[in-house]
file coords-v4.txt (compact mmCIF, C-alpha atoms)
# COMPACT_ATOMS: atom_id res chain seq x y z
CA MET A 60 45.69 -43.30 -46.96
CA SER A 61 44.21 -44.19 -50.30
CA TYR A 62 45.95 -46.67 -52.56
CA SER A 63 46.34 -46.14 -56.29
CA GLU A 64 44.28 -48.32 -58.64
CA LYS A 65 47.34 -50.31 -59.63
CA VAL A 66 48.24 -51.06 -56.04
CA LEU A 67 44.68 -52.18 -55.37
CA ASP A 68 44.70 -54.38 -58.46
CA HIS A 69 47.88 -56.20 -57.36
CA TYR A 70 46.69 -56.31 -53.77
CA GLU A 71 43.34 -57.87 -54.64
CA ASN A 72 44.70 -60.14 -57.38
CA PRO A 73 48.32 -60.72 -56.49
CA ARG A 74 50.31 -62.42 -59.28
CA ASN A 75 52.59 -65.37 -58.64
CA VAL A 76 51.98 -65.94 -54.95
CA GLY A 77 53.70 -69.05 -53.64
CA SER A 78 57.03 -70.80 -53.25
CA PHE A 79 59.53 -72.93 -55.12
CA GLU A 80 61.55 -75.63 -53.46
CA LYS A 81 64.36 -73.57 -51.97
CA ASP A 82 67.11 -76.09 -52.67
CA ALA A 83 66.12 -76.88 -56.26
CA SER A 84 69.01 -76.16 -58.59
CA GLY A 85 67.50 -73.45 -60.78
CA VAL A 86 65.98 -71.54 -57.88
CA GLY A 87 67.27 -68.38 -56.25
CA THR A 88 65.69 -67.09 -53.05
CA GLY A 89 65.78 -63.57 -51.66
CA MET A 90 64.48 -62.76 -48.23
CA VAL A 91 64.32 -59.24 -46.84
CA GLY A 92 62.54 -57.33 -44.10
CA ALA A 93 61.64 -53.72 -43.45
CA PRO A 94 62.43 -52.66 -39.89
CA ALA A 95 60.47 -49.46 -40.45
CA CYS A 96 57.20 -51.39 -40.54
CA GLY A 97 57.97 -55.03 -39.75
CA ASP A 98 57.06 -56.32 -43.22
CA VAL A 99 58.77 -59.46 -44.50
CA MET A 100 59.16 -60.47 -48.15
CA LYS A 101 60.37 -63.63 -49.84
CA LEU A 102 60.95 -63.52 -53.58
CA GLN A 103 62.09 -66.51 -55.62
CA ILE A 104 63.19 -66.93 -59.23
CA LYS A 105 63.47 -70.03 -61.39
CA VAL A 106 66.26 -69.72 -63.92
CA ASN A 107 66.72 -71.86 -67.05
CA GLU A 108 69.99 -73.06 -68.58
CA GLN A 109 70.21 -69.98 -70.78
CA GLY A 110 70.27 -67.78 -67.70
CA ILE A 111 66.76 -66.46 -68.29
CA ILE A 112 64.27 -66.11 -65.45
CA GLU A 113 61.45 -68.47 -66.43
CA ASP A 114 59.24 -68.04 -63.44
CA ALA A 115 59.03 -66.06 -60.21
CA LYS A 116 57.05 -66.35 -57.01
CA PHE A 117 56.67 -64.32 -53.86
CA LYS A 118 55.27 -64.35 -50.38
CA THR A 119 54.91 -61.01 -48.65
CA TYR A 120 53.51 -60.34 -45.23
CA GLY A 121 52.93 -56.64 -45.07
CA CYS A 122 50.87 -53.72 -46.28
CA GLY A 123 49.16 -53.40 -49.64
CA SER A 124 52.05 -51.45 -51.16
CA ALA A 125 54.58 -54.11 -50.17
CA ILE A 126 52.40 -56.86 -51.64
CA ALA A 127 51.82 -54.88 -54.83
CA SER A 128 55.54 -54.08 -55.18
CA SER A 129 56.59 -57.72 -54.95
CA SER A 130 53.72 -58.89 -57.16
CA LEU A 131 54.74 -56.38 -59.83
CA VAL A 132 58.40 -57.42 -59.64
CA THR A 133 57.58 -61.11 -60.19
CA GLU A 134 55.68 -60.09 -63.34
CA TRP A 135 58.44 -57.85 -64.60
CA VAL A 136 61.36 -60.23 -64.19
CA LYS A 137 59.82 -63.16 -66.06
CA GLY A 138 61.67 -63.60 -69.36
CA LYS A 139 64.49 -61.32 -68.26
CA SER A 140 68.15 -62.21 -67.89
CA LEU A 141 69.77 -62.14 -64.47
CA ASP A 142 71.65 -58.98 -65.36
CA GLU A 143 68.49 -57.25 -66.51
CA ALA A 144 66.78 -58.23 -63.27
CA MET A 145 69.73 -56.85 -61.32
CA HIS A 146 69.17 -53.45 -62.95
CA LEU A 147 65.61 -53.10 -61.80
CA LYS A 148 65.22 -49.94 -59.77
CA ASN A 149 62.87 -49.21 -56.93
CA THR A 150 61.98 -45.89 -58.58
CA GLN A 151 60.47 -47.80 -61.53
CA ILE A 152 58.29 -49.79 -59.14
CA ALA A 153 57.27 -46.70 -57.18
CA GLU A 154 56.41 -44.87 -60.40
CA GLU A 155 54.39 -47.73 -61.91
CA LEU A 156 52.37 -48.13 -58.71
CA ALA A 157 52.18 -44.39 -57.95
CA LEU A 158 53.40 -44.99 -54.42
CA PRO A 159 53.25 -42.01 -52.05
CA PRO A 160 56.52 -40.95 -50.35
CA VAL A 161 55.74 -42.79 -47.10
CA LYS A 162 55.47 -46.06 -49.06
CA ILE A 163 58.67 -45.74 -51.06
CA HIS A 164 60.37 -48.14 -48.65
CA CYS A 165 58.05 -50.89 -49.92
CA SER A 166 59.54 -50.52 -53.41
CA ILE A 167 63.05 -50.52 -51.92
CA LEU A 168 62.16 -53.78 -50.19
CA ALA A 169 61.06 -55.33 -53.49
CA GLU A 170 64.21 -54.16 -55.29
CA ASP A 171 66.39 -55.59 -52.54
CA ALA A 172 64.44 -58.85 -52.64
CA ILE A 173 64.97 -59.47 -56.36
CA LYS A 174 68.64 -58.59 -56.06
CA ALA A 175 69.02 -60.94 -53.12
CA ALA A 176 67.31 -63.70 -55.15
CA VAL A 177 69.65 -63.19 -58.11
CA ALA A 178 72.66 -63.13 -55.79
CA ASP A 179 71.50 -66.34 -54.12
CA TYR A 180 71.16 -68.04 -57.51
CA LYS A 181 74.59 -66.87 -58.64
CA GLN A 182 76.20 -67.95 -55.42
CA LYS A 183 74.63 -71.40 -55.71
CA HIS A 184 76.02 -71.76 -59.21
CA GLY A 185 79.44 -70.31 -58.53
CA LEU A 186 78.82 -67.38 -60.85
CA GLY A 187 80.90 -65.04 -58.75
CA GLY A 188 77.88 -63.33 -57.27
CA GLU A 189 78.75 -62.16 -53.83
CA GLU A 190 76.05 -62.34 -51.27
CA TYR A 191 73.82 -59.35 -51.85
CA THR A 192 74.23 -56.94 -48.99
CA ALA A 193 71.80 -54.10 -49.81
CA CYS A 194 72.88 -50.90 -48.11
CA ASN A 195 74.56 -52.40 -45.10
CA PRO A 196 76.74 -55.44 -44.73
CA PRO A 197 75.14 -58.17 -42.65
CA LYS A 198 76.61 -58.43 -39.21
CA GLU A 199 77.38 -61.55 -37.29
CA HIS A 200 75.90 -62.01 -33.86
CA MET B 247 57.29 -23.29 -15.55
CA PRO B 248 58.04 -25.77 -18.33
CA ASP B 249 61.43 -26.30 -19.81
CA PHE B 250 60.89 -27.78 -23.26
CA ASN B 251 64.54 -28.74 -23.55
CA ARG B 252 64.38 -31.51 -21.01
CA ASN B 253 64.20 -34.99 -22.41
CA HIS B 254 61.37 -37.38 -21.53
CA PHE B 255 63.30 -38.98 -18.69
CA GLU B 256 64.36 -35.70 -17.13
CA LEU B 257 60.80 -34.48 -17.37
CA PHE B 258 59.78 -37.21 -14.90
CA HIS B 259 63.00 -37.05 -12.89
CA LEU B 260 63.91 -40.57 -13.93
CA PRO B 261 67.36 -41.91 -14.83
CA VAL B 262 68.08 -42.00 -18.57
CA ALA B 263 68.03 -45.79 -18.91
CA PHE B 264 66.11 -48.61 -20.57
CA GLY B 265 65.41 -50.29 -17.25
CA ILE B 266 62.56 -48.31 -15.72
CA ASP B 267 60.66 -48.29 -12.45
CA SER B 268 57.09 -48.47 -13.79
CA GLN B 269 55.56 -47.35 -10.51
CA ALA B 270 57.85 -44.33 -10.33
CA LEU B 271 56.89 -43.47 -13.90
CA GLU B 272 53.16 -43.72 -13.14
CA GLN B 273 53.55 -41.57 -10.03
CA ALA B 274 55.69 -38.96 -11.77
CA TYR B 275 53.23 -38.83 -14.65
CA ARG B 276 50.30 -38.17 -12.32
CA ASP B 277 52.26 -35.50 -10.43
CA VAL B 278 53.37 -33.61 -13.51
CA GLN B 279 49.96 -34.00 -15.12
CA ALA B 280 48.28 -32.41 -12.10
CA GLU B 281 50.73 -29.53 -12.31
CA VAL B 282 49.86 -28.76 -15.91
CA HIS B 283 46.17 -29.63 -15.92
CA PRO B 284 44.26 -27.11 -18.06
CA ASP B 285 41.80 -26.47 -15.18
CA ARG B 286 44.58 -24.80 -13.26
CA PHE B 287 44.96 -22.31 -16.07
CA ALA B 288 41.26 -21.56 -16.56
CA HIS B 289 41.71 -18.00 -15.36
CA ALA B 290 45.14 -17.44 -16.86
CA GLY B 291 45.84 -15.36 -19.94
CA GLU B 292 45.51 -16.77 -23.43
CA ALA B 293 49.24 -17.15 -23.98
CA GLU B 294 49.70 -18.96 -20.71
CA GLN B 295 46.81 -21.28 -21.48
CA ARG B 296 48.30 -22.15 -24.83
CA LEU B 297 51.64 -22.86 -23.19
CA ALA B 298 49.97 -25.09 -20.60
CA MET B 299 48.27 -26.98 -23.40
CA GLN B 300 51.55 -27.58 -25.23
CA TRP B 301 53.10 -28.64 -21.99
CA ALA B 302 50.35 -31.15 -21.24
CA THR B 303 50.73 -32.56 -24.75
CA GLN B 304 54.44 -33.06 -24.25
CA VAL B 305 53.91 -34.72 -20.89
CA ASN B 306 51.46 -37.16 -22.48
CA GLU B 307 53.80 -37.93 -25.32
CA ALA B 308 56.69 -38.50 -22.93
CA TYR B 309 54.61 -40.86 -20.82
CA GLN B 310 53.39 -42.87 -23.82
CA THR B 311 56.96 -43.16 -25.10
CA LEU B 312 58.51 -44.29 -21.83
CA LYS B 313 55.73 -46.70 -20.94
CA LEU B 314 56.29 -49.07 -23.88
CA PRO B 315 59.62 -50.95 -24.02
CA PHE B 316 59.83 -50.69 -27.80
CA GLU B 317 59.19 -46.95 -27.91
CA ARG B 318 61.43 -46.34 -24.89
CA ALA B 319 64.36 -48.13 -26.51
CA ARG B 320 63.82 -46.37 -29.81
CA TYR B 321 63.71 -42.99 -28.07
CA LEU B 322 66.80 -43.77 -25.98
CA LEU B 323 68.81 -44.77 -29.03
CA GLY B 324 67.66 -41.53 -30.65
CA LEU B 325 69.08 -39.60 -27.67
CA HIS B 326 72.36 -41.35 -28.42
CA GLY B 327 72.18 -40.31 -32.06
CA VAL B 328 71.20 -43.73 -33.43
CA ASN B 329 68.32 -43.99 -35.91
CA ALA B 330 67.57 -47.69 -35.47
CA LEU B 331 64.68 -47.88 -37.93
CA ASP B 332 66.15 -46.42 -41.10
CA PRO B 333 63.69 -47.58 -43.79
CA ASN B 334 66.51 -48.04 -46.31
CA ASN B 335 68.08 -50.79 -44.28
CA THR B 336 66.44 -54.05 -45.36
CA VAL B 337 69.14 -56.45 -44.25
CA MET B 338 68.26 -58.71 -41.38
CA PRO B 339 70.02 -61.92 -40.40
CA ALA B 340 68.85 -64.74 -42.71
CA ASP B 341 67.89 -67.10 -39.90
CA PHE B 342 65.86 -64.36 -38.26
CA LEU B 343 63.91 -63.68 -41.49
CA MET B 344 63.39 -67.41 -42.01
CA GLN B 345 61.87 -67.66 -38.54
CA GLN B 346 59.66 -64.63 -39.27
CA MET B 347 58.39 -66.28 -42.45
CA GLU B 348 57.62 -69.47 -40.56
CA TRP B 349 55.71 -67.61 -37.88
CA ARG B 350 53.83 -65.65 -40.54
CA GLU B 351 52.84 -68.87 -42.26
CA GLN B 352 51.71 -70.41 -38.97
CA LEU B 353 49.67 -67.31 -38.25
CA ALA B 354 48.02 -67.41 -41.68
CA GLU B 355 47.22 -71.11 -41.36
CA ALA B 356 45.84 -70.81 -37.83
CA SER B 357 43.65 -67.88 -38.93
CA ASP B 358 42.36 -69.79 -41.94
CA ARG B 359 41.48 -72.80 -39.82
CA LEU B 360 40.05 -70.60 -37.02
CA ASP B 361 42.37 -72.57 -34.74
CA VAL B 362 42.54 -70.69 -31.44
CA HIS B 363 44.85 -73.25 -29.83
CA ALA B 364 47.38 -72.86 -32.59
CA LEU B 365 47.18 -69.10 -32.14
CA ASP B 366 47.73 -69.52 -28.39
CA ARG B 367 50.84 -71.62 -28.96
CA LEU B 368 52.14 -69.17 -31.51
CA GLU B 369 51.50 -66.23 -29.22
CA GLN B 370 53.50 -67.92 -26.46
CA ASP B 371 56.45 -68.35 -28.81
CA LEU B 372 56.18 -64.74 -29.94
CA ARG B 373 55.99 -63.37 -26.40
CA ALA B 374 58.98 -65.47 -25.35
CA MET B 375 61.01 -64.06 -28.22
CA ALA B 376 59.87 -60.48 -27.46
CA GLN B 377 60.88 -60.92 -23.82
CA ARG B 378 64.24 -62.27 -24.83
CA LEU B 379 64.83 -59.24 -27.04
CA GLU B 380 63.78 -56.94 -24.21
CA ARG B 381 66.37 -58.52 -21.90
CA GLU B 382 68.99 -58.16 -24.62
CA LEU B 383 68.11 -54.48 -25.01
CA ALA B 384 68.52 -53.89 -21.28
CA ASP B 385 71.94 -55.52 -21.39
CA GLN B 386 73.05 -53.75 -24.56
CA ILE B 387 71.80 -50.27 -23.64
CA ASP B 388 72.22 -50.09 -19.86
CA GLY B 389 74.90 -52.71 -19.37
CA ARG B 390 77.32 -52.44 -22.26
CA GLN B 391 76.26 -49.15 -23.84
CA ASP B 392 76.58 -50.89 -27.18
CA TYR B 393 74.06 -48.83 -29.15
CA THR B 394 74.88 -50.30 -32.56
CA THR B 395 74.02 -53.81 -31.43
CA ALA B 396 71.01 -52.46 -29.53
CA ALA B 397 69.78 -50.92 -32.80
CA GLU B 398 69.90 -54.37 -34.42
CA THR B 399 67.97 -55.83 -31.53
CA LEU B 400 65.40 -53.05 -31.77
CA ARG B 401 64.90 -53.82 -35.46
CA LYS B 402 64.12 -57.43 -34.54
CA PHE B 403 61.80 -56.16 -31.83
CA ARG B 404 59.93 -54.22 -34.50
CA PHE B 405 59.08 -57.42 -36.38
CA MET B 406 57.86 -59.02 -33.16
CA GLU B 407 55.66 -56.02 -32.41
CA LYS B 408 54.11 -56.32 -35.84
CA LEU B 409 53.48 -60.06 -35.43
CA LEU B 410 51.98 -59.61 -31.97
CA HIS B 411 49.75 -56.89 -33.35
CA ASP B 412 48.62 -59.09 -36.24
CA ILE B 413 47.92 -62.06 -33.99
CA GLN B 414 45.56 -59.87 -31.94
CA ASP B 415 43.75 -59.02 -35.17
CA ALA B 416 43.51 -62.74 -35.93
CA TYR B 417 41.95 -63.41 -32.51
CA GLU B 418 39.42 -60.65 -33.05
CA GLU B 419 38.40 -62.04 -36.40
CA ILE B 420 37.78 -65.48 -34.93
CA VAL B 421 35.76 -64.29 -31.95
call {"tool": "encode", "arguments": {"input": "coords-v4.txt", "output": "C-alpha cells"}}
result
Amino acid sequence: MSYSEKVLDHYENPRNVGSFEKDASGVGTGMVGAPACGDVMKLQIKVNEQGIIEDAKFKTYGCGSAIASSSLVTEWVKGKSLDEAMHLKNTQIAEELALPPVKIHCSILAEDAIKAAVADYKQKHGLGGEEYTACNPPKEH
Amino acid sequence: MPDFNRNHFELFHLPVAFGIDSQALEQAYRDVQAEVHPDRFAHAGEAEQRLAMQWATQVNEAYQTLKLPFERARYLLGLHGVNALDPNNTVMPADFLMQQMEWREQLAEASDRLDVHALDRLEQDLRAMAQRLERELADQIDGRQDYTTAAETLRKFRFMEKLLHDIQDAYEEIV
C-alpha cells in the first residue's frame, strides 16, 4: 500500500513525540489500542488555567497511518479549548491525511485518544467529565 | 465430493473446540490433501479440475486457520456470531494498555541498544502472557462458553501477537 505524502511527512518527521509527567496537574492522558491491528497510542495534553491546550505529546506504536494520525492531532489541538478538542472528528483526520478505507481505524484511534485525554483531564479536575468510553463501556475483569 | 458448507473443523472431522489435537489435525490435513491433490484430477474435465482446485484452496485455508491458536479462536468466535476484532472498538482495560506501552518502550530501548539479552527477557515475558491468554481462551470458549469474555481475551491476544511479531523483527535487525 502506498502512503499519501502527508502521511509520509508525519511519519518521517513526527511532531510532538514524547511524554509529560502523567500525574502533573495540568496534564490529561489518553491511552487507546486498536484490536484490529494491535497498535497502541498514548496522547497527552497540557492545559493552562484558561482551559486552553498549551502543548500536546504522543507516543504511538503502530503503522505509519496511526503515527501520522496522532502526530496531526497533537498539532491541531494546540491552542484549542477542551471543548473544541472534544469536537475533533476522525473524518477530518482521515481527509487531511488522505487515508485509504483500510486505514480509517487509525484516525478513529486518534480521535478516541484525544477524547480520552480530555476526559482524563476533566476527571482529574472535577469538571464533570465522565471517563471517556468510546463506543463500548469498559468492562471489569 | 466436496461439501463447501462444512466448517473448518468438520472438514477435518475434528470437534468444534478451541482445544485441539495437533497430531490429529496434521493427519487429517494430509489425508484430505491427498484426496484433493490436483494430480488426481489431471485427466478429469475442466470443471472438475477447477472444483478440485477450489477444494484444495479451502483445505489449505482451513488448516492454516486451525493450526494457529489466535486464528483458531477468532474463527471459532466467528462461528458463534462474535466479531471479536471490530476496528471501531478502541477500549481496552487501562492497566493492560499501560503494560503494552511499557513493553513497547522496553522493545524500542533494547533495539536501540542492540541488547539481545534484554530482548530475550522481554520475549519470555511476552510468551508467558500469550500462554496465559491461551489458557484463558480454552477455559472461556470450551469450558464456560462465555464468548463475550473470550472476545476480550482475543483482543488482548492480538496485541501480544503484534509484539511478538515486532520482537522477531528486532532480532533480525540486530543479527
call {"tool": "closest_residue", "arguments": {"input": "coords-v4.txt", "among": "A:Gln109, A:Ser130, A:Thr88, A:Gln103", "to": "Asp68 of chain A", "atoms": "all atoms listed in the file"}}
result
A:Ser130
call {"tool": "interface_residues", "arguments": {"input": "coords-v4.txt", "of": "chain A", "to": "chain B", "cutoff": "6 Å", "atoms": "all atoms listed in the file", "output": "PyMOL selection string"}}
result
chain A and resi 91-95+97+164
call {"tool": "residues_around", "arguments": {"input": "coords-v4.txt", "residues": "segment 69-86 of chain A", "least_positions_apart": "4", "cutoff": "8 Å", "atoms": "all atoms listed in the file", "output": "list of chain:residue names"}}
result
A:Lys65, A:Gln103, A:Ile104, A:Lys105, A:Val106, A:Asn107, A:Ala115, A:Lys116, A:Phe117, A:Lys118, A:Gly123, A:Ser124, A:Ile126, A:Ala127, A:Ser130, A:Leu131, A:Thr133, A:Glu134, A:Tyr180, A:Lys183
call {"tool": "residues_around", "arguments": {"input": "coords-v4.txt", "residues": "segment 146-151 of chain A", "least_positions_apart": "3", "cutoff": "10 Å", "atoms": "all atoms listed in the file", "output": "short mmCIF file (atom, residue, chain, number, x, y, z; two decimals) with C-alpha atoms, keeping the file's coordinate frame"}}
result
data_model
loop_
_atom_site.label_atom_id
_atom_site.label_comp_id
_atom_site.auth_asym_id
_atom_site.auth_seq_id
_atom_site.Cartn_x
_atom_site.Cartn_y
_atom_site.Cartn_z
CA SER A 128 55.54 -54.08 -55.18
CA VAL A 132 58.40 -57.42 -59.64
CA TRP A 135 58.44 -57.85 -64.60
CA VAL A 136 61.36 -60.23 -64.19
CA LEU A 141 69.77 -62.14 -64.47
CA ASP A 142 71.65 -58.98 -65.36
CA GLU A 143 68.49 -57.25 -66.51
CA GLU A 154 56.41 -44.87 -60.40
CA GLU A 155 54.39 -47.73 -61.91
CA LEU A 156 52.37 -48.13 -58.71
CA ALA A 157 52.18 -44.39 -57.95
CA LEU A 158 53.40 -44.99 -54.42
CA ILE A 163 58.67 -45.74 -51.06
CA HIS A 164 60.37 -48.14 -48.65
CA CYS A 165 58.05 -50.89 -49.92
CA SER A 166 59.54 -50.52 -53.41
CA ILE A 167 63.05 -50.52 -51.92
CA LEU A 168 62.16 -53.78 -50.19
CA ALA A 169 61.06 -55.33 -53.49
CA GLU A 170 64.21 -54.16 -55.29
CA ASP A 171 66.39 -55.59 -52.54
CA ILE A 173 64.97 -59.47 -56.36
CA LYS A 174 68.64 -58.59 -56.06
#
call {"tool": "atom_distance", "arguments": {"input": "coords-v4.txt", "atom1": "atom CA of Glu317 of chain B", "atom2": "atom CA of Leu271 of chain B"}}
result
14.6 Å
